[in-house]
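Visitor: Hey, dropping structure_36.cif in here, mmCIF, C-alpha atoms and all ligand atoms; chains and numbers go by the auth columns:
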data_model
loop_
_atom_site.group_PDB
_atom_site.id
_atom_site.type_symbol
_atom_site.label_atom_id
_atom_site.label_comp_id
_atom_site.label_asym_id
_atom_site.label_seq_id
_atom_site.Cartn_x
_atom_site.Cartn_y
_atom_site.Cartn_z
_atom_site.B_iso_or_equiv
_atom_site.auth_seq_id
_atom_site.auth_asym_id
ATOM 1 C CA MET A 1 -36.358 126.762 84.886 0.00 1 A
ATOM 2 C CA SER A 2 -34.311 124.677 82.533 0.00 2 A
ATOM 3 C CA GLU A 3 -35.538 121.091 82.455 0.00 3 A
ATOM 4 C CA GLN A 4 -32.640 119.727 84.431 0.00 4 A
ATOM 5 C CA LEU A 5 -32.554 118.640 88.055 0.00 5 A
ATOM 6 C CA ILE A 6 -29.494 119.346 90.150 0.00 6 A
ATOM 7 C CA ILE A 7 -29.194 116.751 92.921 0.00 7 A
ATOM 8 C CA ASN A 8 -26.014 115.552 94.584 0.00 8 A
ATOM 9 C CA ARG A 9 -26.048 111.763 94.255 0.00 9 A
ATOM 10 C CA ASN A 10 -23.982 111.385 97.426 0.00 10 A
ATOM 11 C CA ASP A 11 -26.346 113.400 99.636 0.00 11 A
ATOM 12 C CA ASP A 12 -28.455 111.664 102.264 0.00 12 A
ATOM 13 C CA LYS A 13 -32.217 111.374 101.825 0.00 13 A
ATOM 14 C CA LYS A 14 -33.083 114.558 103.743 0.00 14 A
ATOM 15 C CA SER A 15 -30.560 116.688 101.818 0.00 15 A
ATOM 16 C CA LYS A 16 -31.881 115.338 98.524 0.00 16 A
ATOM 17 C CA TYR A 17 -35.433 116.371 99.465 0.00 17 A
ATOM 18 C CA VAL A 18 -34.180 119.803 100.581 0.00 18 A
ATOM 19 C CA SER A 19 -32.501 120.302 97.167 0.00 19 A
ATOM 20 C CA LEU A 20 -35.408 118.836 95.249 0.00 20 A
ATOM 21 C CA ILE A 21 -38.322 120.775 96.749 0.00 21 A
ATOM 22 C CA PRO A 22 -37.455 124.275 95.426 0.00 22 A
ATOM 23 C CA GLN A 23 -36.755 122.713 92.032 0.00 23 A
ATOM 24 C CA ILE A 24 -40.194 121.051 92.046 0.00 24 A
ATOM 25 C CA LYS A 25 -41.721 124.421 92.950 0.00 25 A
ATOM 26 C CA SER A 26 -40.123 126.155 89.995 0.00 26 A
ATOM 27 C CA LEU A 27 -40.892 123.219 87.724 0.00 27 A
ATOM 28 C CA ILE A 28 -44.643 123.533 88.272 0.00 28 A
ATOM 29 C CA GLU A 29 -45.224 127.131 89.414 0.00 29 A
ATOM 30 C CA ASN A 30 -46.053 128.492 85.958 0.00 30 A
ATOM 31 C CA GLU A 31 -48.134 125.544 84.829 0.00 31 A
ATOM 32 C CA ASN A 32 -51.739 124.944 85.835 0.00 32 A
ATOM 33 C CA ASN A 33 -52.249 121.684 83.955 0.00 33 A
ATOM 34 C CA LEU A 34 -52.523 119.012 86.634 0.00 34 A
ATOM 35 C CA ILE A 35 -51.501 116.075 84.439 0.00 35 A
ATOM 36 C CA ALA A 36 -48.381 117.880 83.221 0.00 36 A
ATOM 37 C CA ASN A 37 -47.392 118.725 86.786 0.00 37 A
ATOM 38 C CA LEU A 38 -48.027 115.207 88.121 0.00 38 A
ATOM 39 C CA ALA A 39 -45.977 113.795 85.245 0.00 39 A
ATOM 40 C CA ASN A 40 -43.014 116.031 86.007 0.00 40 A
ATOM 41 C CA VAL A 41 -43.196 115.472 89.775 0.00 41 A
ATOM 42 C CA SER A 42 -43.210 111.690 89.211 0.00 42 A
ATOM 43 C CA ALA A 43 -40.181 111.996 86.949 0.00 43 A
ATOM 44 C CA ALA A 44 -38.347 114.288 89.385 0.00 44 A
ATOM 45 C CA LEU A 45 -38.872 111.851 92.280 0.00 45 A
ATOM 46 C CA LYS A 46 -37.878 108.839 90.184 0.00 46 A
ATOM 47 C CA GLN A 47 -34.752 110.611 88.967 0.00 47 A
ATOM 48 C CA THR A 48 -33.734 111.830 92.437 0.00 48 A
ATOM 49 C CA PHE A 49 -34.272 108.625 94.379 0.00 49 A
ATOM 50 C CA ASP A 50 -34.005 105.989 91.632 0.00 50 A
ATOM 51 C CA LEU A 51 -37.365 104.550 92.674 0.00 51 A
ATOM 52 C CA PHE A 52 -38.961 101.322 91.418 0.00 52 A
ATOM 53 C CA TRP A 53 -42.434 102.846 90.987 0.00 53 A
ATOM 54 C CA VAL A 54 -43.656 106.366 91.692 0.00 54 A
ATOM 55 C CA GLY A 55 -46.861 107.955 90.574 0.00 55 A
ATOM 56 C CA PHE A 56 -50.302 109.291 91.230 0.00 56 A
ATOM 57 C CA TYR A 57 -53.852 108.032 91.392 0.00 57 A
ATOM 58 C CA LEU A 58 -56.642 110.614 91.045 0.00 58 A
ATOM 59 C CA VAL A 59 -60.077 110.453 92.634 0.00 59 A
ATOM 60 C CA GLU A 60 -62.947 109.779 90.226 0.00 60 A
ATOM 61 C CA ASN A 61 -66.422 109.030 91.604 0.00 61 A
ATOM 62 C CA ASP A 62 -64.960 108.357 95.070 0.00 62 A
ATOM 63 C CA ASN A 63 -62.500 105.737 93.736 0.00 63 A
ATOM 64 C CA LEU A 64 -58.939 106.034 92.405 0.00 64 A
ATOM 65 C CA VAL A 65 -57.808 105.962 88.784 0.00 65 A
ATOM 66 C CA LEU A 66 -54.203 105.659 87.613 0.00 66 A
ATOM 67 C CA ALA A 67 -52.612 108.993 86.664 0.00 67 A
ATOM 68 C CA PRO A 68 -49.059 109.990 85.615 0.00 68 A
ATOM 69 C CA PHE A 69 -46.400 107.619 86.920 0.00 69 A
ATOM 70 C CA GLN A 70 -42.886 106.324 86.309 0.00 70 A
ATOM 71 C CA GLY A 71 -42.171 102.611 86.424 0.00 71 A
ATOM 72 C CA PRO A 72 -43.749 99.340 85.337 0.00 72 A
ATOM 73 C CA ILE A 73 -47.424 99.158 84.353 0.00 73 A
ATOM 74 C CA ALA A 74 -49.782 99.248 87.333 0.00 74 A
ATOM 75 C CA CYS A 75 -53.371 98.587 88.475 0.00 75 A
ATOM 76 C CA THR A 76 -55.675 101.044 86.724 0.00 76 A
ATOM 77 C CA ARG A 77 -58.434 101.411 89.324 0.00 77 A
ATOM 78 C CA ILE A 78 -58.459 101.094 93.128 0.00 78 A
ATOM 79 C CA LYS A 79 -61.660 101.221 95.157 0.00 79 A
ATOM 80 C CA TYR A 80 -62.212 103.550 98.107 0.00 80 A
ATOM 81 C CA GLY A 81 -60.847 101.888 101.249 0.00 81 A
ATOM 82 C CA LYS A 82 -59.004 99.142 99.339 0.00 82 A
ATOM 83 C CA GLY A 83 -55.248 98.567 99.365 0.00 83 A
ATOM 84 C CA VAL A 84 -52.792 101.085 100.752 0.00 84 A
ATOM 85 C CA CYS A 85 -53.921 103.760 98.287 0.00 85 A
ATOM 86 C CA GLY A 86 -57.630 103.352 98.983 0.00 86 A
ATOM 87 C CA THR A 87 -56.933 103.356 102.716 0.00 87 A
ATOM 88 C CA SER A 88 -54.968 106.603 102.430 0.00 88 A
ATOM 89 C CA LEU A 89 -57.914 108.081 100.501 0.00 89 A
ATOM 90 C CA LYS A 90 -60.386 106.932 103.165 0.00 90 A
ATOM 91 C CA GLU A 91 -58.314 107.979 106.174 0.00 91 A
ATOM 92 C CA LYS A 92 -56.955 111.177 104.555 0.00 92 A
ATOM 93 C CA LYS A 93 -53.498 110.423 105.863 0.00 93 A
ATOM 94 C CA THR A 94 -50.037 109.238 104.868 0.00 94 A
ATOM 95 C CA ILE A 95 -49.430 105.513 105.242 0.00 95 A
ATOM 96 C CA ILE A 96 -45.951 104.004 105.530 0.00 96 A
ATOM 97 C CA VAL A 97 -45.815 100.252 104.869 0.00 97 A
ATOM 98 C CA PRO A 98 -42.410 98.764 105.805 0.00 98 A
ATOM 99 C CA ASN A 99 -43.438 95.300 104.570 0.00 99 A
ATOM 100 C CA VAL A 100 -46.322 95.044 102.101 0.00 100 A
ATOM 101 C CA GLU A 101 -46.944 91.412 103.050 0.00 101 A
ATOM 102 C CA LEU A 102 -47.944 92.561 106.528 0.00 102 A
ATOM 103 C CA PHE A 103 -50.512 95.114 105.292 0.00 103 A
ATOM 104 C CA ALA A 104 -53.917 93.440 105.168 0.00 104 A
ATOM 105 C CA GLY A 105 -55.488 94.058 101.763 0.00 105 A
ATOM 106 C CA HIS A 106 -52.342 95.351 100.078 0.00 106 A
ATOM 107 C CA ILE A 107 -52.828 95.345 96.296 0.00 107 A
ATOM 108 C CA ALA A 108 -49.783 93.842 94.587 0.00 108 A
ATOM 109 C CA CYS A 109 -49.440 95.543 91.210 0.00 109 A
ATOM 110 C CA SER A 110 -45.961 94.010 91.081 0.00 110 A
ATOM 111 C CA SER A 111 -44.629 91.037 93.025 0.00 111 A
ATOM 112 C CA LEU A 112 -41.296 92.899 93.220 0.00 112 A
ATOM 113 C CA SER A 113 -42.726 95.590 95.494 0.00 113 A
ATOM 114 C CA LYS A 114 -41.659 95.087 99.137 0.00 114 A
ATOM 115 C CA SER A 115 -42.376 98.396 100.877 0.00 115 A
ATOM 116 C CA GLU A 116 -44.516 101.386 100.083 0.00 116 A
ATOM 117 C CA ILE A 117 -45.584 104.898 101.089 0.00 117 A
ATOM 118 C CA VAL A 118 -48.826 106.588 100.077 0.00 118 A
ATOM 119 C CA VAL A 119 -49.459 110.308 100.637 0.00 119 A
ATOM 120 C CA PRO A 120 -52.832 111.969 100.025 0.00 120 A
ATOM 121 C CA VAL A 121 -53.044 115.134 97.926 0.00 121 A
ATOM 122 C CA LEU A 122 -55.490 117.340 99.817 0.00 122 A
ATOM 123 C CA LYS A 123 -57.395 120.287 98.357 0.00 123 A
ATOM 124 C CA ASN A 124 -59.690 122.185 100.747 0.00 124 A
ATOM 125 C CA SER A 125 -59.562 119.186 103.132 0.00 125 A
ATOM 126 C CA ASN A 126 -60.730 116.779 100.407 0.00 126 A
ATOM 127 C CA VAL A 127 -58.459 114.082 98.985 0.00 127 A
ATOM 128 C CA ILE A 128 -58.192 114.672 95.245 0.00 128 A
ATOM 129 C CA GLY A 129 -55.564 111.998 94.640 0.00 129 A
ATOM 130 C CA VAL A 130 -52.690 110.089 96.191 0.00 130 A
ATOM 131 C CA LEU A 131 -48.968 109.882 95.586 0.00 131 A
ATOM 132 C CA ASP A 132 -47.787 106.261 95.746 0.00 132 A
ATOM 133 C CA ILE A 133 -44.173 105.081 95.901 0.00 133 A
ATOM 134 C CA ASP A 134 -43.063 101.438 95.836 0.00 134 A
ATOM 135 C CA SER A 135 -39.658 99.990 96.624 0.00 135 A
ATOM 136 C CA THR A 136 -38.172 96.578 95.906 0.00 136 A
ATOM 137 C CA GLU A 137 -36.480 96.718 99.350 0.00 137 A
ATOM 138 C CA LEU A 138 -38.123 96.271 102.749 0.00 138 A
ATOM 139 C CA GLY A 139 -38.445 99.340 104.997 0.00 139 A
ATOM 140 C CA SER A 140 -37.448 101.951 102.423 0.00 140 A
ATOM 141 C CA PHE A 141 -39.669 104.744 103.753 0.00 141 A
ATOM 142 C CA ASN A 142 -39.777 106.634 107.043 0.00 142 A
ATOM 143 C CA GLU A 143 -40.992 109.867 108.638 0.00 143 A
ATOM 144 C CA THR A 144 -38.502 111.905 106.570 0.00 144 A
ATOM 145 C CA ASP A 145 -40.205 110.693 103.392 0.00 145 A
ATOM 146 C CA ALA A 146 -43.634 111.375 104.890 0.00 146 A
ATOM 147 C CA LYS A 147 -42.722 114.956 105.867 0.00 147 A
ATOM 148 C CA TYR A 148 -41.176 115.961 102.538 0.00 148 A
ATOM 149 C CA LEU A 149 -43.596 114.058 100.305 0.00 149 A
ATOM 150 C CA GLU A 150 -46.477 115.770 102.144 0.00 150 A
ATOM 151 C CA GLU A 151 -44.775 119.092 101.420 0.00 151 A
ATOM 152 C CA ILE A 152 -44.521 118.140 97.730 0.00 152 A
ATOM 153 C CA CYS A 153 -48.218 117.154 97.668 0.00 153 A
ATOM 154 C CA ASN A 154 -49.086 120.535 99.221 0.00 154 A
ATOM 155 C CA ILE A 155 -47.102 122.332 96.523 0.00 155 A
ATOM 156 C CA ILE A 156 -49.045 120.378 93.872 0.00 156 A
ATOM 157 C CA SER A 157 -52.331 121.151 95.607 0.00 157 A
ATOM 158 C CA GLU A 158 -51.641 124.894 95.757 0.00 158 A
ATOM 159 C CA GLN A 159 -51.033 124.824 92.021 0.00 159 A
ATOM 160 C CA ILE A 160 -54.473 123.355 91.290 0.00 160 A
ATOM 161 C CA LYS A 161 -56.833 126.212 90.591 0.00 161 A
ATOM 162 C CA ASN A 162 -59.952 124.469 89.324 0.00 162 A
ATOM 163 C CA PHE A 163 -60.430 120.910 90.380 0.00 163 A
HETATM 164 N N1 LIG B . -49.919 98.707 96.294 0.00 201 B
HETATM 165 C C1 LIG B . -50.957 99.680 96.067 0.00 201 B
HETATM 166 C C2 LIG B . -51.492 99.566 94.665 0.00 201 B
HETATM 167 C C3 LIG B . -50.873 100.503 93.698 0.00 201 B
HETATM 168 S S1 LIG B . -49.406 99.967 93.094 0.00 201 B
HETATM 169 O O1 LIG B . -48.471 99.712 94.196 0.00 201 B
HETATM 170 C C4 LIG B . -48.752 100.984 91.996 0.00 201 B
HETATM 171 C C5 LIG B . -52.065 99.513 97.079 0.00 201 B
HETATM 172 O O2 LIG B . -52.068 98.552 97.859 0.00 201 B
HETATM 173 O O3 LIG B . -52.956 100.357 97.098 0.00 201 B
#
Using the file provided, produce a representation of the structure as structure tokens.
Guide:
Amino acid sequence: MSEQLIINRNDDKKSKYVSLIPQIKSLIENENNLIANLANVSAALKQTFDLFWVGFYLVENDNLVLAPFQGPIACTRIKYGKGVCGTSLKEKKTIIVPNVELFAGHIACSSLSKSEIVVPVLKNSNVIGVLDIDSTELGSFNETDAKYLEEICNIISEQIKNF
């Protein structure tokens, strides 16, 4: 595809995801390099939803290491079970945090972050990384985000041939 996203700015959240997902598929379908694909997916999400921070952490020796992202600089390493990301890794599930101050053990990479969603990227039932999105507003994420971001993580996972 040409490197241009077509998203209607006035659409609601669900419609934006519905437009974005086929474009993400074509953006990564001919590329097997994981870092390149994570970089473009981060950019596509940031561009579509004008997010504060969006990016990936990848599993390395059971912990998480910062991978492609869009936004301010962030924590480089997160231990298994720590913070929202490490909890998503441990529990192998999506975590929606409406107010980061109410999540015990939340890791504040930025004091501006108020709500967050973390989605695991699963390959053969193992978590190989997580997608993390932070917002400067409270309660930015809901089940619509969870459903479509999980779909995006599955598309990424299917594209990984040798991990
Ligand atoms: N808040 C995350 C840390 C990563 S940054 O938000 C980019 C956490 O608690 O795991």
Visitor: Can you pull out every residue with an atom within 10 Å of ligand LIG 201 (chain B)? Use only C-alpha atoms and all ligand atoms and format it as a ChimeraX atom specification.
Guide: /A:52-57,64,66,69-89,97,100,103-118,130-135
Visitor: Of the residues A:Ile152, A:Leu102, A:Lys46, A:Glu91, which is the one nearest to Gln23 (chain A), using only C-alpha atoms?
Guide: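 Closest residue, counting only C-alpha atoms: A:Ile152.
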Visitor: I want to know what sits within 12 Å of Glu151 (chain A), based on all atoms listed in the file, with residues of the same chain fewer than 3 positions away left out; could you give that as a list in words?
Guide: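 These residues fall inside the cut-off: Tyr17, Val18, Leu20, Ile21, Pro22, Ile24, Lys25, Thr94, Val119, Pro120, Val121, Leu122, Leu131, Thr144, Asp145, Ala146, Lys147, Tyr148, Asn154, Ile155, Ile156, Ser157 and Glu158 of chain A.
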Visitor: Would you mind telling me which residue in A:Val41, A:Val65, A:Ile160, A:Leu149 lies nearest to Lys93 (chain A) when using all atoms listed in the file?
Guide: A:Leu149
Visitor: By how many Å are CA of Ser140 (chain A) and CA of Gln159 (chain A) apart?
Guide: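 Calculated distance between CA of Ser140 (chain A) and CA of Gln159 (chain A) is 28.6 Å.
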Visitor: Figure out the distance between CA of Leu51 (chain A) and CA of Arg9 (chain A), please, to one decimal in Å.
Guide: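 These two atoms are separated by 13.5 Å.
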Visitor: Give me region 6-22 of chain A with N, CA, C and O atoms filled in, as a compact mmCIF listing (two decimals), keeping the file's coordinate frame.
Guide:
# COMPACT_ATOMS: atom_id res chain seq x y z
N ILE A 6 -30.85 119.38 89.59
CA ILE A 6 -29.49 119.35 90.15
C ILE A 6 -29.58 118.73 91.55
O ILE A 6 -30.11 119.34 92.48
N ILE A 7 -29.15 117.49 91.65
CA ILE A 7 -29.19 116.75 92.92
C ILE A 7 -27.83 116.08 93.11
O ILE A 7 -27.31 115.46 92.17
N ASN A 8 -27.29 116.22 94.30
CA ASN A 8 -26.01 115.55 94.58
C ASN A 8 -26.28 114.09 94.93
O ASN A 8 -26.91 113.78 95.94
N ARG A 9 -25.80 113.21 94.09
CA ARG A 9 -26.05 111.76 94.26
C ARG A 9 -25.58 111.24 95.61
O ARG A 9 -26.11 110.25 96.12
N ASN A 10 -24.55 111.89 96.16
CA ASN A 10 -23.98 111.38 97.43
C ASN A 10 -24.69 111.92 98.66
O ASN A 10 -24.38 111.49 99.78
N ASP A 11 -25.61 112.85 98.48
CA ASP A 11 -26.35 113.40 99.64
C ASP A 11 -27.20 112.34 100.30
O ASP A 11 -27.61 111.37 99.66
N ASP A 12 -27.50 112.56 101.59
CA ASP A 12 -28.46 111.66 102.26
C ASP A 12 -29.87 112.04 101.82
O ASP A 12 -30.08 113.04 101.11
N LYS A 13 -30.82 111.21 102.26
CA LYS A 13 -32.22 111.37 101.82
C LYS A 13 -32.75 112.78 102.12
O LYS A 13 -33.32 113.44 101.25
N LYS A 14 -32.53 113.26 103.35
CA LYS A 14 -33.08 114.56 103.74
C LYS A 14 -32.50 115.67 102.86
O LYS A 14 -33.24 116.53 102.36
N SER A 15 -31.20 115.64 102.64
CA SER A 15 -30.56 116.69 101.82
C SER A 15 -31.08 116.65 100.38
O SER A 15 -31.23 117.68 99.74
N LYS A 16 -31.34 115.43 99.89
CA LYS A 16 -31.88 115.34 98.52
C LYS A 16 -33.26 115.99 98.46
O LYS A 16 -33.56 116.73 97.52
N TYR A 17 -34.11 115.72 99.47
CA TYR A 17 -35.43 116.37 99.46
C TYR A 17 -35.29 117.89 99.55
O TYR A 17 -36.00 118.63 98.87
N VAL A 18 -34.35 118.36 100.40
CA VAL A 18 -34.18 119.80 100.58
C VAL A 18 -33.73 120.46 99.26
O VAL A 18 -34.15 121.56 98.93
N SER A 19 -32.90 119.76 98.48
CA SER A 19 -32.50 120.30 97.17
C SER A 19 -33.64 120.20 96.16
O SER A 19 -33.82 121.06 95.31
N LEU A 20 -34.39 119.11 96.26
CA LEU A 20 -35.41 118.84 95.25
C LEU A 20 -36.62 119.77 95.35
O LEU A 20 -37.15 120.21 94.32
N ILE A 21 -37.04 120.07 96.58
CA ILE A 21 -38.32 120.78 96.75
C ILE A 21 -38.37 122.13 96.04
O ILE A 21 -39.33 122.40 95.30
N PRO A 22 -37.37 123.01 96.19
CA PRO A 22 -37.46 124.28 95.43
C PRO A 22 -37.44 124.06 93.91
O PRO A 22 -38.06 124.83 93.16
